[in-house]
There are 2 protein chains.
Amino acid sequence: MNWYLQSGNEADVAISTRIRLARNVNGFTFALKKDGEREKLEDKIKEAIFSVGYGLQFLRLKDMDDMTKMSLVEKHLISPDFALNKNETGSILINEEENICIMIGEEDHLRIQVFSSGLDLENTMNLAVELDEKLGNLLGYSISKKYGYLTSCPSNVGTGLRASVMLHLPALSMTGNDKKILETLSGIGVVVRGGYGENSEVEGQIYQISNYQTLGVSEKDIVQNLKVIVEQVMKQERQARKFLTKDAITLEDKIYRSYGILTNARKISTQETMKLLSMVKLGTDLGILPQMTDAKMKELYLYTKPANLQKYKQEQYEVIERDIKRAEIIKQIIEKN
Amino acid sequence: MNWYLQSGNEADVAISTRIRLARNVNGFTFALKKDGEREKLEDKIKEAIFSVGYGLQFLRLKDMDDMTKMSLVEKHLISPDFALNKNETGSILINEEENICIMIGEEDHLRIQVFSSGLDLENTMNLAVELDEKLGNLLGYSISKKYGYLTSCPSNVGTGLRASVMLHLPALSMTGNDKKILETLSGIGVVVRGGYGENSEVEGQIYQISNYQTLGVSEKDIVQNLKVIVEQVMKQERQARKFLTKDAITLEDKIYRSYGILTNARKISTQETMKLLSMVKLGTDLGILPQMTDAKMKELYLYTKPANLQKYKQEQYEVIERDIKRAEIIKQIIEKN
């Protein structure tokens with residue numbers, strides 16, 4: 001099963017964990033400017049993946065239709081900029097479960113990404129390190145003795161590591177504590193953003209928390225520090241939920257109204273869906289909506305997004321029609337056994 | 001069955017018909033100012049009702065609790081002013097079906113009222129006339145040869161007749177045509193008001209349309225004129241509905257979202273209920289909500305009002321608790337077979 005449809009640890013608050021390592025290969029310019037250089041690097045990588053294993057497949061962006069690319073973006077497997085790149089020069093290495101997705105020719109030669117459902121920093125990190133070592137041995141990375149891994153953008157120099165966790169924080173938001181707590185976090189070495197990374201807005205009360213520093217600190221410390229902070233935020237979210245359940249009827253009212261609209265609408269936008277799903281997920285996680293399951297929530301989050309909706313229905317739709325199909329899919333997913 | 005729970009003619013648009021006759025009894029001052037005069041009039045009326053028939057019962061307002069009085073107001077059987085009168089000097093004559101309710105000591109000595117579900121001006125008028133003749137023979141009305149029936153307020157002199165029809169006009173409202181059409185009506189001898197008469201606001205897109213003139217025009221002409229106008233408005237409402245069904249998905253979306261909130265809310269105010277019921281009634285009348293029936297709609301309109309809600313549950317509730325009980329009753333009525 002694809003990692004994003006699985007149920008992970010601490011699934012009531014933690015949605016997913018991602019480890020990303022920025023790597024560049026020795027002997028190639030950082031921006032791959034020379035003629036034929038990109039092709040040479042790709043050949044080298046394609047050759048390497050057989051000995052690396054993990055069932056990785058090499059796919060060029062230019063061989064994918066727009067819907068497939070957007071579907072990868074919606075799953076958080078590739079960055080929006082990478083998908084929208086007009087030259088379509090990028091490619092990816094991806095496995096069946098889709099928990100490994102390496103972007104080739106994004107900002108750096110390689111962006112090794114490993115994903116897990118829920119909160120699972122250690123295992124995700126271990127797999128990323130294992131993969132990174134194998135690739136490093138085969139490709140030869142660009143490393144400075146003084147700084148560590150060299151990257152395209154100085155903000156990634158050193159470990160090249162970005163560890164991030166997506167958290168669903170509806171209760172902190174409903175009690176008006178989200179801004180205060182998340183501002184505090186920015187002061188202690190982590191970045192809080194929307195679900196699609198840099199410059200993306202927070203939708204459906206889903207926040208991405210990741211490390212800020214990559215230089216002069218060990219991988220282990222980065223992950224450990226992030227883990228402590230994430231656990232602290234999760235604790236506060238759970239406390240806020242406990243507080244909200246004191247006025248059970250008001251909370252249930254909000255949750256059930258969202259559920260009622262979601263299951264009865266005949267057309268619905270992505271944005272409204274995200275807002276309503278947030279309340280329905282809260283109800284599911286608090287056991288207020290016994291008819292819902294974590295597995296259904298995962299499907300709802302995935303298949304209500306524009307590209308994956310069309311992948312699910314195996315048809316292309318105009319925007320307005322998409323809102324109608326989205327309403328149908330929601331009912332289908334919720335009502336199935 | 002009480003008249004307001006029955007299904008009437010043209011029930012898709014017409015909610016109810018009311019005929020009201022203002023009458024005063026010879027030999028009593030209009031405001032019943034003299035000592036013992038009220039009691040004397042009451043005795044005379046009590047004596048008369050046995051020969052009148054119709055199973056009429058005499059009830060004093062001061063013998064009723066507030067909830068019972070408010071329940072009568074919510075059913076439109078007595079006026080809010082009459083119920084709220086602090087001296088509690090009024091009384092009523094009412095039958096089991098509650099389609100006859102005569103207010104004694106409201107603005108006039110007698111306000112004879114006859115009600116029907118749906119649009120039924122002729123039959124309602126016939127019963128009112130029959131009742132009026134019997135009472136007139138027994139009590140002796142105050143009549144001027146020149147003007148007709150004399151009343152407390154000059155606006156009622158002549159026929160003392162107010163014929164009114166309650167119409168549900170959601171489509172005219174949704175297409176933005178309600179104001180224009182209803183303003184036109186004011187120019188042709190009818191008054192458009194909210195459901196609770198004078199100075200009441202339009203709630204849930206229910207409008208009361210009644211005659212304006214009572215003097216110098218026959219009862220027959222008043223009723224005939226109102227009927228023509230009401231039929232015209234109903235026609236326009238049905239045309240507006242037809243227009244809305246051209247964009248079926250948008251209409252269904254609005255109706256089903258209202259239904260979804262109504263059946264899922266855990267607490268809900270009277271005002272929001274009226275707004276949502278309006279859409280659900282439209283869906284029921286258009287056959288869009290097959291799970292709903294006219295009978296259920298009638299119950300929903302009645303038992304979601306504050307006093308009748310408490311009568312239904314046979315318990316008294318605080319305002320906040322009432323919103324919770326209202327949500328329960330709605331689910332109960334909708335889900336029962």
# chains A, B, ... in the order shown; residues from 1 in each chain; ligands from 1
$ select_by_dssp --residues "region 148-221 of chain A" --states "alpha helix (DSSP H)" --output "list of chain:residue names"
A:Pro170, A:Ala171, A:Leu172, A:Ser173, A:Met174, A:Asp178, A:Lys179, A:Lys180, A:Ile181, A:Leu182, A:Glu183, A:Thr184, A:Leu185, A:Ser186, A:Glu219, A:Lys220, A:Asp221
$ write_last_selection --atoms "C-alpha atoms" --output "mmCIF file, in the first residue's frame"
data_model
loop_
_atom_site.group_PDB
_atom_site.id
_atom_site.type_symbol
_atom_site.label_atom_id
_atom_site.label_comp_id
_atom_site.auth_asym_id
_atom_site.auth_seq_id
_atom_site.Cartn_x
_atom_site.Cartn_y
_atom_site.Cartn_z
ATOM 1 C CA PRO A 170 -7.368 22.012 14.662
ATOM 2 C CA ALA A 171 -7.808 22.427 18.412
ATOM 3 C CA LEU A 172 -4.876 24.843 18.759
ATOM 4 C CA SER A 173 -6.416 26.804 15.925
ATOM 5 C CA MET A 174 -9.957 26.701 17.364
ATOM 6 C CA ASP A 178 -1.912 28.314 17.047
ATOM 7 C CA LYS A 179 -0.245 31.622 16.179
ATOM 8 C CA LYS A 180 1.327 32.101 19.605
ATOM 9 C CA ILE A 181 2.730 28.584 19.821
ATOM 10 C CA LEU A 182 3.933 28.477 16.247
ATOM 11 C CA GLU A 183 5.635 31.862 16.575
ATOM 12 C CA THR A 184 7.483 30.574 19.615
ATOM 13 C CA LEU A 185 8.725 27.643 17.546
ATOM 14 C CA SER A 186 10.350 29.940 15.009
ATOM 15 C CA GLU A 219 21.988 14.883 11.551
ATOM 16 C CA LYS A 220 21.204 13.133 14.799
ATOM 17 C CA ASP A 221 20.817 16.415 16.681
#
$ interface_residues --of "chain A" --to "chain B" --cutoff "12 Å" --atoms "only C-alpha atoms" --output "count of residues only"
30
$ closest_residue --among "A:Leu84, A:Val319, A:Leu72, A:Leu41" --to "Ile104 (chain A)" --atoms "only C-alpha atoms"
A:Leu41
$ atom_distance --atom1 "CA of His168 (chain B)" --atom2 "CA of Asp66 (chain B)"
28.7 Å
$ residues_around --residues "Leu286 (chain B)" --least-positions-apart "6" --cutoff "10 Å" --atoms "only C-alpha atoms" --output "PDB file with C-alpha atoms, in the first residue's frame"
ATOM      1  CA  ASP B  12     -46.117  23.095  -2.638  1.00  0.00           C
ATOM      2  CA  ARG B 238     -43.485  28.030  -9.658  1.00  0.00           C
ATOM      3  CA  ARG B 241     -38.619  27.197  -9.320  1.00  0.00           C
ATOM      4  CA  LYS B 242     -38.628  25.931 -12.873  1.00  0.00           C
ATOM      5  CA  THR B 245     -34.088  23.641 -11.752  1.00  0.00           C
ATOM      6  CA  VAL B 280     -35.658  21.503   2.748  1.00  0.00           C
TER       7      VAL B 280
END
$ atom_distance --atom1 "CA of Leu302 (chain B)" --atom2 "CA of Thr273 (chain B)"
11.3 Å
$ residues_around --residues "Leu121 (chain A)" --least-positions-apart "2" --cutoff "12 Å" --atoms "only C-alpha atoms" --output "PyMOL selection string"
chain A and resi 8-10+14+16-20+114-119+123-129+162-166+210+219-228+230-231
$ write_last_selection --atoms "N, CA and C atoms" --output "short mmCIF file (atom, residue, chain, number, x, y, z; two decimals), in the first residue's frame"
data_model
loop_
_atom_site.label_atom_id
_atom_site.label_comp_id
_atom_site.auth_asym_id
_atom_site.auth_seq_id
_atom_site.Cartn_x
_atom_site.Cartn_y
_atom_site.Cartn_z
N GLY A 8 -0.17 5.70 10.50
CA GLY A 8 1.13 5.74 11.16
C GLY A 8 1.04 5.93 12.67
N ASN A 9 2.19 6.16 13.29
CA ASN A 9 2.24 6.45 14.73
C ASN A 9 1.67 7.83 15.02
N GLU A 10 1.05 7.95 16.17
CA GLU A 10 0.52 9.26 16.62
C GLU A 10 -0.38 9.87 15.55
N ALA A 14 -0.21 13.57 14.13
CA ALA A 14 0.86 13.57 13.12
C ALA A 14 0.36 12.93 11.82
N SER A 16 2.35 13.04 8.65
CA SER A 16 3.44 12.38 7.93
C SER A 16 4.80 12.93 8.34
N THR A 17 5.82 12.13 8.03
CA THR A 17 7.20 12.49 8.31
C THR A 17 7.97 12.45 7.00
N ARG A 18 8.83 13.41 6.80
CA ARG A 18 9.65 13.41 5.59
C ARG A 18 11.10 13.71 5.95
N ILE A 19 12.04 12.95 5.37
CA ILE A 19 13.46 13.28 5.46
C ILE A 19 13.93 13.60 4.06
N ARG A 20 14.59 14.74 3.92
CA ARG A 20 15.10 15.14 2.61
C ARG A 20 16.58 15.46 2.71
N VAL A 114 12.57 10.54 1.76
CA VAL A 114 11.93 9.34 2.30
C VAL A 114 10.75 9.80 3.15
N PHE A 115 9.62 9.11 2.99
CA PHE A 115 8.38 9.50 3.66
C PHE A 115 7.85 8.37 4.54
N SER A 116 7.15 8.76 5.61
CA SER A 116 6.41 7.79 6.42
C SER A 116 5.09 8.41 6.84
N SER A 117 4.12 7.57 7.05
CA SER A 117 2.86 8.04 7.60
C SER A 117 3.05 8.29 9.09
N GLY A 118 2.35 9.26 9.64
CA GLY A 118 2.44 9.55 11.08
C GLY A 118 3.80 10.12 11.47
N LEU A 119 4.14 10.01 12.73
CA LEU A 119 5.44 10.50 13.22
C LEU A 119 6.41 9.34 13.32
N ASN A 123 13.06 5.90 11.95
CA ASN A 123 13.04 4.92 10.85
C ASN A 123 13.17 5.59 9.49
N THR A 124 12.51 6.74 9.37
CA THR A 124 12.57 7.44 8.09
C THR A 124 14.00 7.92 7.83
N MET A 125 14.62 8.41 8.89
CA MET A 125 16.00 8.87 8.79
C MET A 125 16.94 7.70 8.47
N ASN A 126 16.72 6.58 9.14
CA ASN A 126 17.59 5.42 8.90
C ASN A 126 17.54 4.98 7.44
N LEU A 127 16.35 4.94 6.88
CA LEU A 127 16.21 4.52 5.48
C LEU A 127 16.88 5.54 4.56
N ALA A 128 16.71 6.82 4.89
CA ALA A 128 17.32 7.88 4.06
C ALA A 128 18.84 7.78 4.10
N VAL A 129 19.39 7.52 5.28
CA VAL A 129 20.85 7.42 5.45
C VAL A 129 21.39 6.21 4.67
N ARG A 162 16.82 18.21 5.58
CA ARG A 162 15.59 18.83 6.09
C ARG A 162 14.66 17.72 6.55
N ALA A 163 14.42 17.73 7.87
CA ALA A 163 13.48 16.76 8.44
C ALA A 163 12.19 17.52 8.69
N SER A 164 11.07 16.98 8.26
CA SER A 164 9.83 17.71 8.50
C SER A 164 8.69 16.77 8.87
N VAL A 165 7.78 17.33 9.66
CA VAL A 165 6.63 16.57 10.12
C VAL A 165 5.39 17.41 9.84
N MET A 166 4.35 16.78 9.32
CA MET A 166 3.08 17.47 9.09
C MET A 166 2.17 17.17 10.27
N SER A 210 9.58 21.95 10.35
CA SER A 210 10.86 21.37 9.91
C SER A 210 12.03 22.13 10.53
N GLU A 219 23.28 15.41 11.99
CA GLU A 219 21.99 14.88 11.55
C GLU A 219 21.18 14.40 12.75
N LYS A 220 21.87 13.71 13.64
CA LYS A 220 21.20 13.13 14.80
C LYS A 220 20.57 14.22 15.66
N ASP A 221 21.34 15.32 15.86
CA ASP A 221 20.82 16.42 16.68
C ASP A 221 19.63 17.10 16.01
N ILE A 222 19.71 17.25 14.69
CA ILE A 222 18.59 17.88 13.96
C ILE A 222 17.31 17.09 14.18
N VAL A 223 17.41 15.79 13.97
CA VAL A 223 16.23 14.93 14.10
C VAL A 223 15.74 14.90 15.55
N GLN A 224 16.70 14.81 16.48
CA GLN A 224 16.33 14.74 17.89
C GLN A 224 15.64 16.02 18.34
N ASN A 225 16.19 17.15 17.91
CA ASN A 225 15.62 18.46 18.27
C ASN A 225 14.21 18.61 17.71
N LEU A 226 14.05 18.23 16.44
CA LEU A 226 12.73 18.34 15.82
C LEU A 226 11.73 17.45 16.54
N LYS A 227 12.17 16.26 16.90
CA LYS A 227 11.29 15.31 17.56
C LYS A 227 10.76 15.87 18.89
N VAL A 228 11.67 16.46 19.64
CA VAL A 228 11.28 17.03 20.94
C VAL A 228 10.24 18.14 20.74
N VAL A 230 8.23 18.67 18.07
CA VAL A 230 6.99 18.12 17.53
C VAL A 230 6.17 17.47 18.64
N GLU A 231 6.85 16.74 19.51
CA GLU A 231 6.13 16.08 20.61
C GLU A 231 5.50 17.10 21.54
#
$ select_by_dssp --residues "region 24-220 of chain A" --states "strand (DSSP E)" --output "mmCIF file with N, CA and C atoms, in the first residue's frame"
data_model
loop_
_atom_site.group_PDB
_atom_site.id
_atom_site.type_symbol
_atom_site.label_atom_id
_atom_site.label_comp_id
_atom_site.auth_asym_id
_atom_site.auth_seq_id
_atom_site.Cartn_x
_atom_site.Cartn_y
_atom_site.Cartn_z
ATOM 1 N N GLN A 57 12.457 3.230 -9.798
ATOM 2 C CA GLN A 57 12.240 3.402 -11.232
ATOM 3 C C GLN A 57 12.648 4.799 -11.638
ATOM 4 N N PHE A 58 13.229 4.917 -12.828
ATOM 5 C CA PHE A 58 13.628 6.226 -13.336
ATOM 6 C C PHE A 58 12.526 6.771 -14.256
ATOM 7 N N LEU A 59 12.013 7.958 -13.962
ATOM 8 C CA LEU A 59 10.944 8.562 -14.777
ATOM 9 C C LEU A 59 11.285 10.012 -15.101
ATOM 10 N N ARG A 60 11.157 10.374 -16.390
ATOM 11 C CA ARG A 60 11.379 11.769 -16.786
ATOM 12 C C ARG A 60 10.085 12.560 -16.669
ATOM 13 N N SER A 91 13.886 14.727 -13.580
ATOM 14 C CA SER A 91 13.413 13.343 -13.562
ATOM 15 C C SER A 91 13.363 12.880 -12.108
ATOM 16 N N ILE A 92 12.743 11.731 -11.886
ATOM 17 C CA ILE A 92 12.652 11.227 -10.507
ATOM 18 C C ILE A 92 12.996 9.750 -10.453
ATOM 19 N N LEU A 93 13.406 9.337 -9.262
ATOM 20 C CA LEU A 93 13.537 7.917 -8.949
ATOM 21 C C LEU A 93 12.478 7.637 -7.898
ATOM 22 N N ILE A 94 11.624 6.671 -8.172
ATOM 23 C CA ILE A 94 10.512 6.429 -7.251
ATOM 24 C C ILE A 94 10.252 4.936 -7.143
ATOM 25 N N ILE A 100 9.848 6.344 -1.217
ATOM 26 C CA ILE A 100 11.128 6.907 -1.658
ATOM 27 C C ILE A 100 10.877 7.661 -2.957
ATOM 28 N N CYS A 101 11.254 8.914 -2.976
ATOM 29 C CA CYS A 101 11.142 9.688 -4.213
ATOM 30 C C CYS A 101 12.327 10.649 -4.293
ATOM 31 N N ILE A 102 13.218 10.374 -5.252
ATOM 32 C CA ILE A 102 14.418 11.197 -5.410
ATOM 33 C C ILE A 102 14.227 12.125 -6.599
ATOM 34 N N MET A 103 14.269 13.439 -6.343
ATOM 35 C CA MET A 103 14.160 14.387 -7.451
ATOM 36 C C MET A 103 15.550 14.606 -8.042
ATOM 37 N N ILE A 104 15.685 14.462 -9.343
ATOM 38 C CA ILE A 104 16.961 14.682 -10.026
ATOM 39 C C ILE A 104 16.853 15.978 -10.830
ATOM 40 N N LEU A 110 20.606 15.911 -6.657
ATOM 41 C CA LEU A 110 19.728 14.907 -6.060
ATOM 42 C C LEU A 110 19.035 15.478 -4.828
ATOM 43 N N ARG A 111 17.742 15.234 -4.752
ATOM 44 C CA ARG A 111 17.018 15.512 -3.517
ATOM 45 C C ARG A 111 16.427 14.173 -3.094
ATOM 46 N N ILE A 112 17.154 13.526 -2.172
ATOM 47 C CA ILE A 112 16.695 12.214 -1.700
ATOM 48 C C ILE A 112 15.587 12.444 -0.682
ATOM 49 N N GLN A 113 14.420 11.847 -0.927
ATOM 50 C CA GLN A 113 13.313 12.025 0.011
ATOM 51 C C GLN A 113 12.781 10.674 0.455
ATOM 52 N N VAL A 114 12.569 10.545 1.759
ATOM 53 C CA VAL A 114 11.931 9.343 2.298
ATOM 54 C C VAL A 114 10.751 9.795 3.152
ATOM 55 N N PHE A 115 9.621 9.112 2.986
ATOM 56 C CA PHE A 115 8.376 9.497 3.659
ATOM 57 C C PHE A 115 7.846 8.370 4.542
ATOM 58 N N SER A 116 7.150 8.764 5.613
ATOM 59 C CA SER A 116 6.412 7.792 6.421
ATOM 60 C C SER A 116 5.094 8.410 6.841
ATOM 61 N N SER A 117 4.122 7.566 7.047
ATOM 62 C CA SER A 117 2.858 8.043 7.596
ATOM 63 C C SER A 117 3.051 8.286 9.094
ATOM 64 N N ILE A 143 31.687 17.041 -1.493
ATOM 65 C CA ILE A 143 31.767 17.283 -0.050
ATOM 66 C C ILE A 143 32.952 18.180 0.272
ATOM 67 N N SER A 144 32.743 19.120 1.199
ATOM 68 C CA SER A 144 33.833 19.958 1.680
ATOM 69 C C SER A 144 34.204 19.465 3.061
ATOM 70 N N GLY A 148 30.988 20.202 4.947
ATOM 71 C CA GLY A 148 30.113 19.038 4.778
ATOM 72 C C GLY A 148 29.616 18.985 3.346
ATOM 73 N N TYR A 149 28.406 18.535 3.144
ATOM 74 C CA TYR A 149 27.846 18.435 1.783
ATOM 75 C C TYR A 149 27.662 19.819 1.202
ATOM 76 N N LEU A 161 20.278 18.342 5.165
ATOM 77 C CA LEU A 161 19.110 17.632 5.711
ATOM 78 C C LEU A 161 17.954 18.564 6.064
ATOM 79 N N ARG A 162 16.818 18.213 5.577
ATOM 80 C CA ARG A 162 15.590 18.834 6.092
ATOM 81 C C ARG A 162 14.665 17.715 6.553
ATOM 82 N N ALA A 163 14.421 17.728 7.866
ATOM 83 C CA ALA A 163 13.480 16.763 8.438
ATOM 84 C C ALA A 163 12.195 17.525 8.687
ATOM 85 N N SER A 164 11.071 16.979 8.261
ATOM 86 C CA SER A 164 9.826 17.709 8.499
ATOM 87 C C SER A 164 8.692 16.772 8.872
ATOM 88 N N VAL A 165 7.784 17.331 9.659
ATOM 89 C CA VAL A 165 6.626 16.569 10.120
ATOM 90 C C VAL A 165 5.394 17.408 9.844
ATOM 91 N N MET A 166 4.353 16.779 9.316
ATOM 92 C CA MET A 166 3.084 17.474 9.090
ATOM 93 C C MET A 166 2.166 17.171 10.265
ATOM 94 N N LEU A 167 1.668 18.232 10.871
ATOM 95 C CA LEU A 167 0.781 18.053 12.020
ATOM 96 C C LEU A 167 -0.592 18.661 11.739
ATOM 97 N N HIS A 168 -1.613 18.000 12.207
ATOM 98 C CA HIS A 168 -2.981 18.518 12.110
ATOM 99 C C HIS A 168 -3.330 19.146 13.461
ATOM 100 N N VAL A 190 13.120 25.914 14.393
ATOM 101 C CA VAL A 190 12.290 25.203 13.420
ATOM 102 C C VAL A 190 11.462 26.192 12.605
ATOM 103 N N VAL A 191 11.019 25.739 11.454
ATOM 104 C CA VAL A 191 10.209 26.562 10.562
ATOM 105 C C VAL A 191 8.821 25.953 10.502
ATOM 106 N N VAL A 192 7.809 26.832 10.554
ATOM 107 C CA VAL A 192 6.435 26.355 10.427
ATOM 108 C C VAL A 192 5.869 26.899 9.121
ATOM 109 N N ARG A 193 5.321 26.000 8.303
ATOM 110 C CA ARG A 193 4.797 26.414 7.001
ATOM 111 C C ARG A 193 3.513 25.667 6.683
ATOM 112 N N ILE A 206 -3.422 22.140 8.702
ATOM 113 C CA ILE A 206 -2.269 21.234 8.614
ATOM 114 C C ILE A 206 -0.998 22.076 8.483
ATOM 115 N N TYR A 207 -0.079 21.884 9.423
ATOM 116 C CA TYR A 207 1.157 22.654 9.480
ATOM 117 C C TYR A 207 2.344 21.739 9.232
ATOM 118 N N GLN A 208 3.342 22.280 8.522
ATOM 119 C CA GLN A 208 4.571 21.523 8.323
ATOM 120 C C GLN A 208 5.623 22.131 9.238
ATOM 121 N N ILE A 209 6.207 21.308 10.100
ATOM 122 C CA ILE A 209 7.249 21.793 11.004
ATOM 123 C C ILE A 209 8.560 21.133 10.599
ATOM 124 N N SER A 210 9.578 21.946 10.352
ATOM 125 C CA SER A 210 10.856 21.374 9.915
ATOM 126 C C SER A 210 12.030 22.129 10.533
ATOM 127 N N ASN A 211 13.229 21.493 10.472
ATOM 128 C CA ASN A 211 14.422 22.141 11.021
ATOM 129 C C ASN A 211 14.855 23.300 10.147
#
